[in-house]
Amino acid sequence: MGRPEGIDLDRVREYLASHVPGASADTPLQAELIAGGKSNLTYSISDGTRSWVLRRPPLGHVLPTAHDMGREFRVQRALHGTGVPVPEVYAFCDDTAVTGAPFYVMEKVDGLVLRDPAATAALSSEEAQGCSRELIDVLARIHAVDYEAVGLADLGRPEGFVERQVRRWGEQWERSRTRELPALEEVARRLRNAIPPSGPAAVVHGDYRLDNTMLAPDDPTRIVAVLDWEMATLGDPLTDLGLFLVYWGDSAAQAVTMGTGSAPATRFLGRDAIVERYATASGRDVEHLDFYEVLATYKLAVVVEGIHARFRMGKTLGEGFSAMGTLVEQLADAALAVAGRSSIPALRG
């Protein structure tokens with residue numbers, strides 16, 4: 001631990017002393033940038049006795065509506081105690097004078113995040129199967145939360161959610177892009193023409209995948225925390241399942257998270273088993289799921305282009321950013337391939 005870029009430990013120490021139980025203004029803090037993730041910055045901070053986690057937006061170029069620390073804080077606070085495993089959150093600070101950006105502080109959960117192929121390969125076949133089932137069961141629990149009862153009724157506007165998603169991510173592309181990419185423009189055109197009817201609204205995580213969950217250190221078939229709620233909203237829950245499947249099976253998408261979409265398919269549940277388990281656990285109609293997979297791949301390409309733009313400006317911390325531009329192109333091609341195989345005529349083009 002030390003004093004990494006993006007966090008003013010002296011001012012954060014003073015803030016914690018006033019807002020976080022157990023924190024002291026008299027004890028210096030040390031921090032470490034937690035590996036993994038190419039969006040928000042996550043730090044482990046400690047006074048030598050107690051430890052917390054601090055989350056803040058990335059350095060440099062930030063898109064409007066993205067990296068909303070207040071939203072992350074609010075959603076996790078609301079979900080704590082619902083049966084959805086989330087860390088306890090302690091304080092949210094919107095005063096950018098403290099450390100240069102809004103941030104929030106939460107408990108440091110003891111657990112395992114599977115961030116690379118070696119970590120997933122260490123699981124036995126039984127553990128990999130159990131982990132797969134737990135991932136889907138927890139996702140179904142998220143989508144079953146009574147969002148009105150937990151105070152999240154105004155978190156989003158479910159009506160017209162998917163149509164707005166297509167339009168909004170098109171706008172994000174215009175803000176982020178560093179070059180012309182006709183394949184991605186074609187994907188956007190097809191999505192606009194193929195929007196399906198949505199089922200009942202739910203809390204949507206927005207970035208649900210294996211390495212955004214933390215597993216029990218003694219039991220990798222049990223999730224102890226779902227992380228990274230920056231994109232949470234109310235909307236069509238199949239957008240979560242579509243993105244989960246993209247990370248689970250697409251090599252370009254897995255490369256965004258350093259290959260952690262899944263371990264070998266012979267050990268983890270395959271796509272069809274994932275979809276069947278979700279449909280059973282949630283009671284949702286999954287007939288138009290290929291649309292949601294194409295939408296998820298499109299959104300991911302736009303996100304990665306934003307990361308690529310920050311990399312070109314020298315505003316990224318850590319390694320693994322140099323290939324992001326090529327990944328955007330691969331994701332666009334992958335989206336077109338799924339669209340071309342779809343049973344939805346408008347998605348086929």
# chains A, B, ... in the order shown; residues from 1 in each chain; ligands from 1

call {"tool": "select_by_dssp", "arguments": {"residues": "region 66-235 of chain A", "states": "alpha helix (DSSP H)", "output": "PyMOL selection string"}}
result
chain A and resi 69-79+96-99+117-121+125-144+161-176+182-193

call {"tool": "select_by_dssp", "arguments": {"residues": "region 170-293 of chain A", "states": "strand (DSSP E or B)", "output": "list in words"}}
result
Ala202, Val203, Val204, Thr213, Met214, Leu215, Ala216, Asp219, Pro220, Thr221, Arg222, Ile223, Val224, Ala225, Val226, Thr233, Leu234 and Gly235 of chain A

call {"tool": "closest_residue", "arguments": {"among": "A:Ala122, A:Leu41, A:Ala149, A:Val86", "to": "Ala101 (chain A)", "atoms": "only C-alpha atoms"}}
result
A:Leu41

call {"tool": "residues_around", "arguments": {"residues": "region 24-28 of chain A", "least_positions_apart": "5", "cutoff": "7 Å", "atoms": "only C-alpha atoms", "output": "PyMOL selection string"}}
result
chain A and resi 13-14+17+47

call {"tool": "write_last_selection", "arguments": {"atoms": "N, CA and C atoms", "output": "PDB file, in the first residue's frame"}}
result
ATOM      1  N   ARG A  13      -8.735  11.027   4.871  1.00  0.00           N
ATOM      2  CA  ARG A  13      -8.665  10.657   6.285  1.00  0.00           C
ATOM      3  C   ARG A  13      -9.545  11.571   7.132  1.00  0.00           C
ATOM      4  N   GLU A  14      -9.487  12.873   6.851  1.00  0.00           N
ATOM      5  CA  GLU A  14     -10.319  13.810   7.593  1.00  0.00           C
ATOM      6  C   GLU A  14     -11.809  13.549   7.343  1.00  0.00           C
ATOM      7  N   ALA A  17     -12.977  10.360   9.186  1.00  0.00           N
ATOM      8  CA  ALA A  17     -13.095  10.570  10.628  1.00  0.00           C
ATOM      9  C   ALA A  17     -14.440  11.180  11.001  1.00  0.00           C
ATOM     10  N   ASP A  47      -5.948   2.094   7.809  1.00  0.00           N
ATOM     11  CA  ASP A  47      -5.187   2.861   8.798  1.00  0.00           C
ATOM     12  C   ASP A  47      -4.252   1.950   9.589  1.00  0.00           C
TER      13      ASP A  47
END

call {"tool": "residues_around", "arguments": {"residues": "Pro182 (chain A)", "least_positions_apart": "5", "cutoff": "10 Å", "atoms": "only C-alpha atoms", "output": "JSON, numbers by chain"}}
result
{"A": [187, 188, 329, 332]}

call {"tool": "residues_around", "arguments": {"residues": "region 234-245 of chain A", "least_positions_apart": "6", "cutoff": "6 Å", "atoms": "only C-alpha atoms", "output": "PDB file with N, CA and C atoms, in the first residue's frame"}}
result
ATOM      1  N   GLY A 156     -35.305   4.791 -11.957  1.00  0.00           N
ATOM      2  CA  GLY A 156     -35.307   4.869 -13.416  1.00  0.00           C
ATOM      3  C   GLY A 156     -36.726   4.959 -13.945  1.00  0.00           C
ATOM      4  N   PRO A 158     -38.977   2.748 -16.243  1.00  0.00           N
ATOM      5  CA  PRO A 158     -39.042   1.462 -16.954  1.00  0.00           C
ATOM      6  C   PRO A 158     -39.732   1.528 -18.310  1.00  0.00           C
ATOM      7  N   PHE A 161     -37.831   1.653 -21.758  1.00  0.00           N
ATOM      8  CA  PHE A 161     -36.443   1.506 -21.332  1.00  0.00           C
ATOM      9  C   PHE A 161     -35.536   1.046 -22.468  1.00  0.00           C
ATOM     10  N   ALA A 201     -40.918  -4.730 -15.221  1.00  0.00           N
ATOM     11  CA  ALA A 201     -39.662  -4.044 -14.905  1.00  0.00           C
ATOM     12  C   ALA A 201     -39.034  -4.606 -13.634  1.00  0.00           C
ATOM     13  N   ALA A 202     -37.739  -4.370 -13.499  1.00  0.00           N
ATOM     14  CA  ALA A 202     -36.995  -4.852 -12.338  1.00  0.00           C
ATOM     15  C   ALA A 202     -35.795  -3.954 -12.108  1.00  0.00           C
ATOM     16  N   VAL A 203     -35.140  -4.122 -10.947  1.00  0.00           N
ATOM     17  CA  VAL A 203     -33.826  -3.527 -10.749  1.00  0.00           C
ATOM     18  C   VAL A 203     -32.864  -4.200 -11.720  1.00  0.00           C
ATOM     19  N   VAL A 204     -32.178  -3.402 -12.508  1.00  0.00           N
ATOM     20  CA  VAL A 204     -31.204  -3.895 -13.488  1.00  0.00           C
ATOM     21  C   VAL A 204     -29.810  -3.498 -13.000  1.00  0.00           C
ATOM     22  N   GLY A 206     -26.865  -3.790 -14.717  1.00  0.00           N
ATOM     23  CA  GLY A 206     -26.244  -3.052 -15.810  1.00  0.00           C
ATOM     24  C   GLY A 206     -24.879  -3.548 -16.230  1.00  0.00           C
ATOM     25  N   TYR A 208     -23.610  -7.067 -14.998  1.00  0.00           N
ATOM     26  CA  TYR A 208     -23.529  -8.286 -14.205  1.00  0.00           C
ATOM     27  C   TYR A 208     -22.693  -9.337 -14.922  1.00  0.00           C
ATOM     28  N   ARG A 209     -21.608  -9.756 -14.272  1.00  0.00           N
ATOM     29  CA  ARG A 209     -20.724 -10.768 -14.843  1.00  0.00           C
ATOM     30  C   ARG A 209     -19.915 -11.409 -13.721  1.00  0.00           C
ATOM     31  N   TYR A 292     -31.264  -8.960 -27.030  1.00  0.00           N
ATOM     32  CA  TYR A 292     -30.581  -8.434 -25.849  1.00  0.00           C
ATOM     33  C   TYR A 292     -29.085  -8.737 -25.888  1.00  0.00           C
ATOM     34  N   GLU A 293     -28.712  -9.840 -26.509  1.00  0.00           N
ATOM     35  CA  GLU A 293     -27.287 -10.137 -26.657  1.00  0.00           C
ATOM     36  C   GLU A 293     -26.633  -9.160 -27.630  1.00  0.00           C
ATOM     37  N   ALA A 296     -26.347  -5.858 -25.882  1.00  0.00           N
ATOM     38  CA  ALA A 296     -25.276  -5.890 -24.890  1.00  0.00           C
ATOM     39  C   ALA A 296     -23.909  -5.754 -25.547  1.00  0.00           C
TER      40      ALA A 296
END

call {"tool": "residues_around", "arguments": {"residues": "Ile223 (chain A)", "least_positions_apart": "4", "cutoff": "12 Å", "atoms": "only C-alpha atoms", "output": "JSON, numbers by chain"}}
result
{"A": [83, 84, 85, 86, 87, 109, 110, 111, 112, 113, 114, 130, 131, 132, 133, 134, 135, 136, 137, 138, 139, 209, 210, 211, 212, 213, 214, 215, 216, 217, 218, 219, 227]}

call {"tool": "write_last_selection", "arguments": {"atoms": "C-alpha atoms", "output": "PDB file, in the first residue's frame"}}
result
ATOM      1  CA  GLY A  83     -31.183 -11.226   0.136  1.00  0.00           C
ATOM      2  CA  VAL A  84     -29.078  -9.709  -2.633  1.00  0.00           C
ATOM      3  CA  PRO A  85     -25.459  -9.897  -1.403  1.00  0.00           C
ATOM      4  CA  VAL A  86     -23.993  -6.387  -1.408  1.00  0.00           C
ATOM      5  CA  PRO A  87     -21.307  -4.706   0.732  1.00  0.00           C
ATOM      6  CA  VAL A 109     -15.651  -7.819   2.119  1.00  0.00           C
ATOM      7  CA  ASP A 110     -13.500 -10.897   2.544  1.00  0.00           C
ATOM      8  CA  GLY A 111     -13.878 -12.874  -0.645  1.00  0.00           C
ATOM      9  CA  LEU A 112     -12.492 -14.104  -3.939  1.00  0.00           C
ATOM     10  CA  VAL A 113     -12.898 -12.361  -7.287  1.00  0.00           C
ATOM     11  CA  LEU A 114     -12.067 -14.571 -10.259  1.00  0.00           C
ATOM     12  CA  GLY A 130     -22.135 -24.617  -8.558  1.00  0.00           C
ATOM     13  CA  CYS A 131     -20.677 -21.175  -9.236  1.00  0.00           C
ATOM     14  CA  SER A 132     -22.606 -21.027 -12.528  1.00  0.00           C
ATOM     15  CA  ARG A 133     -25.879 -21.852 -10.823  1.00  0.00           C
ATOM     16  CA  GLU A 134     -25.248 -19.326  -8.046  1.00  0.00           C
ATOM     17  CA  LEU A 135     -24.519 -16.560 -10.549  1.00  0.00           C
ATOM     18  CA  ILE A 136     -27.875 -17.085 -12.237  1.00  0.00           C
ATOM     19  CA  ASP A 137     -29.818 -17.553  -9.018  1.00  0.00           C
ATOM     20  CA  VAL A 138     -28.420 -14.293  -7.602  1.00  0.00           C
ATOM     21  CA  LEU A 139     -29.265 -12.488 -10.850  1.00  0.00           C
ATOM     22  CA  ARG A 209     -20.724 -10.768 -14.843  1.00  0.00           C
ATOM     23  CA  LEU A 210     -18.460 -13.240 -13.078  1.00  0.00           C
ATOM     24  CA  ASP A 211     -15.742 -10.788 -12.078  1.00  0.00           C
ATOM     25  CA  ASN A 212     -18.247  -8.267 -10.741  1.00  0.00           C
ATOM     26  CA  THR A 213     -19.110 -10.759  -8.031  1.00  0.00           C
ATOM     27  CA  MET A 214     -17.123 -11.846  -4.989  1.00  0.00           C
ATOM     28  CA  LEU A 215     -17.186 -15.483  -3.912  1.00  0.00           C
ATOM     29  CA  ALA A 216     -16.836 -16.846  -0.389  1.00  0.00           C
ATOM     30  CA  PRO A 217     -13.152 -17.654   0.212  1.00  0.00           C
ATOM     31  CA  ASP A 218     -14.031 -21.128   1.484  1.00  0.00           C
ATOM     32  CA  ASP A 219     -16.881 -21.820  -0.951  1.00  0.00           C
ATOM     33  CA  LEU A 227     -20.061  -5.288  -7.005  1.00  0.00           C
TER      34      LEU A 227
END

call {"tool": "residues_around", "arguments": {"residues": "Thr326 (chain A)", "least_positions_apart": "3", "cutoff": "10 Å", "atoms": "only C-alpha atoms", "output": "mmCIF file with C-alpha atoms, in the first residue's frame"}}
result
data_model
loop_
_atom_site.group_PDB
_atom_site.id
_atom_site.type_symbol
_atom_site.label_atom_id
_atom_site.label_comp_id
_atom_site.auth_asym_id
_atom_site.auth_seq_id
_atom_site.Cartn_x
_atom_site.Cartn_y
_atom_site.Cartn_z
ATOM 1 C CA ALA A 252 -13.662 -10.224 -27.437
ATOM 2 C CA VAL A 304 -14.658 0.111 -24.626
ATOM 3 C CA GLU A 305 -14.383 2.968 -27.117
ATOM 4 C CA HIS A 308 -9.814 3.644 -25.658
ATOM 5 C CA SER A 322 -3.460 -0.701 -25.572
ATOM 6 C CA ALA A 323 -5.668 -3.317 -27.279
ATOM 7 C CA GLU A 329 -13.944 -3.575 -33.883
ATOM 8 C CA GLN A 330 -14.130 -7.218 -32.806
ATOM 9 C CA LEU A 331 -17.213 -6.529 -30.700
#

call {"tool": "decode", "arguments": {"residues": "region 266-312 of chain A", "atoms": "N, CA and C atoms", "output": "compact mmCIF listing (two decimals), in the first residue's frame"}}
result
# COMPACT_ATOMS: atom_id res chain seq x y z
N THR A 266 -16.79 -26.78 -20.77
CA THR A 266 -17.02 -28.14 -20.31
C THR A 266 -17.10 -28.22 -18.80
N ARG A 267 -16.66 -27.17 -18.11
CA ARG A 267 -16.66 -27.17 -16.65
C ARG A 267 -17.74 -26.27 -16.08
N PHE A 268 -17.95 -25.12 -16.69
CA PHE A 268 -19.03 -24.23 -16.29
C PHE A 268 -20.29 -24.58 -17.10
N LEU A 269 -21.44 -24.09 -16.66
CA LEU A 269 -22.66 -24.32 -17.43
C LEU A 269 -22.56 -23.64 -18.79
N GLY A 270 -23.08 -24.28 -19.82
CA GLY A 270 -23.13 -23.68 -21.15
C GLY A 270 -24.28 -22.72 -21.29
N ARG A 271 -24.34 -22.05 -22.45
CA ARG A 271 -25.32 -21.00 -22.67
C ARG A 271 -26.75 -21.51 -22.48
N ASP A 272 -27.10 -22.63 -23.09
CA ASP A 272 -28.48 -23.12 -23.03
C ASP A 272 -28.90 -23.43 -21.59
N ALA A 273 -27.99 -24.00 -20.82
CA ALA A 273 -28.30 -24.31 -19.42
C ALA A 273 -28.46 -23.04 -18.61
N ILE A 274 -27.64 -22.02 -18.91
CA ILE A 274 -27.76 -20.72 -18.23
C ILE A 274 -29.14 -20.12 -18.51
N VAL A 275 -29.53 -20.11 -19.76
CA VAL A 275 -30.81 -19.50 -20.13
C VAL A 275 -31.97 -20.27 -19.49
N GLU A 276 -31.90 -21.59 -19.53
CA GLU A 276 -32.98 -22.41 -18.94
C GLU A 276 -33.09 -22.17 -17.44
N ARG A 277 -31.95 -22.09 -16.76
CA ARG A 277 -32.01 -21.88 -15.31
C ARG A 277 -32.58 -20.50 -14.99
N TYR A 278 -32.17 -19.49 -15.75
CA TYR A 278 -32.71 -18.15 -15.49
C TYR A 278 -34.21 -18.12 -15.74
N ALA A 279 -34.66 -18.72 -16.84
CA ALA A 279 -36.08 -18.71 -17.16
C ALA A 279 -36.89 -19.38 -16.05
N THR A 280 -36.36 -20.47 -15.52
CA THR A 280 -37.04 -21.18 -14.44
C THR A 280 -37.04 -20.37 -13.15
N ALA A 281 -35.89 -19.82 -12.80
CA ALA A 281 -35.77 -19.08 -11.54
C ALA A 281 -36.55 -17.78 -11.55
N SER A 282 -36.63 -17.14 -12.70
CA SER A 282 -37.24 -15.81 -12.78
C SER A 282 -38.68 -15.84 -13.28
N GLY A 283 -39.04 -16.89 -14.02
CA GLY A 283 -40.36 -16.93 -14.65
C GLY A 283 -40.49 -16.00 -15.84
N ARG A 284 -39.36 -15.55 -16.38
CA ARG A 284 -39.37 -14.58 -17.48
C ARG A 284 -39.41 -15.28 -18.84
N ASP A 285 -40.02 -14.62 -19.83
CA ASP A 285 -40.02 -15.08 -21.22
C ASP A 285 -38.69 -14.67 -21.86
N VAL A 286 -37.96 -15.64 -22.42
CA VAL A 286 -36.64 -15.36 -23.00
C VAL A 286 -36.64 -15.54 -24.52
N GLU A 287 -37.81 -15.42 -25.14
CA GLU A 287 -37.93 -15.68 -26.58
C GLU A 287 -37.06 -14.75 -27.43
N HIS A 288 -36.96 -13.48 -27.04
CA HIS A 288 -36.23 -12.50 -27.85
C HIS A 288 -34.82 -12.24 -27.32
N LEU A 289 -34.23 -13.24 -26.70
CA LEU A 289 -32.97 -13.02 -26.01
C LEU A 289 -31.83 -12.62 -26.95
N ASP A 290 -31.89 -13.05 -28.22
CA ASP A 290 -30.80 -12.68 -29.14
C ASP A 290 -30.74 -11.17 -29.34
N PHE A 291 -31.89 -10.48 -29.30
CA PHE A 291 -31.87 -9.01 -29.37
C PHE A 291 -31.05 -8.43 -28.22
N TYR A 292 -31.26 -8.96 -27.03
CA TYR A 292 -30.58 -8.43 -25.85
C TYR A 292 -29.08 -8.74 -25.89
N GLU A 293 -28.71 -9.84 -26.51
CA GLU A 293 -27.29 -10.14 -26.66
C GLU A 293 -26.63 -9.16 -27.63
N VAL A 294 -27.32 -8.85 -28.72
CA VAL A 294 -26.77 -7.88 -29.68
C VAL A 294 -26.68 -6.50 -29.03
N LEU A 295 -27.73 -6.11 -28.31
CA LEU A 295 -27.71 -4.82 -27.61
C LEU A 295 -26.55 -4.77 -26.62
N ALA A 296 -26.35 -5.86 -25.88
CA ALA A 296 -25.28 -5.89 -24.89
C ALA A 296 -23.91 -5.75 -25.55
N THR A 297 -23.72 -6.43 -26.66
CA THR A 297 -22.43 -6.35 -27.36
C THR A 297 -22.21 -4.94 -27.90
N TYR A 298 -23.25 -4.32 -28.40
CA TYR A 298 -23.19 -2.94 -28.88
C TYR A 298 -22.80 -1.98 -27.76
N LYS A 299 -23.48 -2.10 -26.63
CA LYS A 299 -23.18 -1.24 -25.48
C LYS A 299 -21.73 -1.43 -25.02
N LEU A 300 -21.30 -2.68 -24.97
CA LEU A 300 -19.94 -2.96 -24.53
C LEU A 300 -18.92 -2.32 -25.47
N ALA A 301 -19.21 -2.37 -26.78
CA ALA A 301 -18.31 -1.74 -27.75
C ALA A 301 -18.20 -0.24 -27.50
N VAL A 302 -19.31 0.40 -27.16
CA VAL A 302 -19.30 1.83 -26.89
C VAL A 302 -18.52 2.13 -25.61
N VAL A 303 -18.71 1.30 -24.58
CA VAL A 303 -17.96 1.48 -23.34
C VAL A 303 -16.45 1.35 -23.60
N VAL A 304 -16.08 0.35 -24.35
CA VAL A 304 -14.66 0.11 -24.63
C VAL A 304 -14.07 1.25 -25.46
N GLU A 305 -14.86 1.82 -26.36
CA GLU A 305 -14.38 2.97 -27.12
C GLU A 305 -14.10 4.15 -26.19
N GLY A 306 -14.93 4.31 -25.14
CA GLY A 306 -14.66 5.35 -24.17
C GLY A 306 -13.36 5.11 -23.41
N ILE A 307 -13.10 3.86 -23.08
CA ILE A 307 -11.84 3.50 -22.43
C ILE A 307 -10.67 3.78 -23.37
N HIS A 308 -10.85 3.40 -24.64
CA HIS A 308 -9.81 3.64 -25.66
C HIS A 308 -9.52 5.14 -25.79
N ALA A 309 -10.58 5.95 -25.74
CA ALA A 309 -10.40 7.40 -25.83
C ALA A 309 -9.59 7.93 -24.64
N ARG A 310 -9.89 7.43 -23.43
CA ARG A 310 -9.13 7.86 -22.26
C ARG A 310 -7.68 7.40 -22.35
N PHE A 311 -7.47 6.20 -22.88
CA PHE A 311 -6.10 5.69 -23.04
C PHE A 311 -5.31 6.58 -23.98
N ARG A 312 -5.93 7.01 -25.07
CA ARG A 312 -5.24 7.88 -26.03
C ARG A 312 -4.89 9.22 -25.42
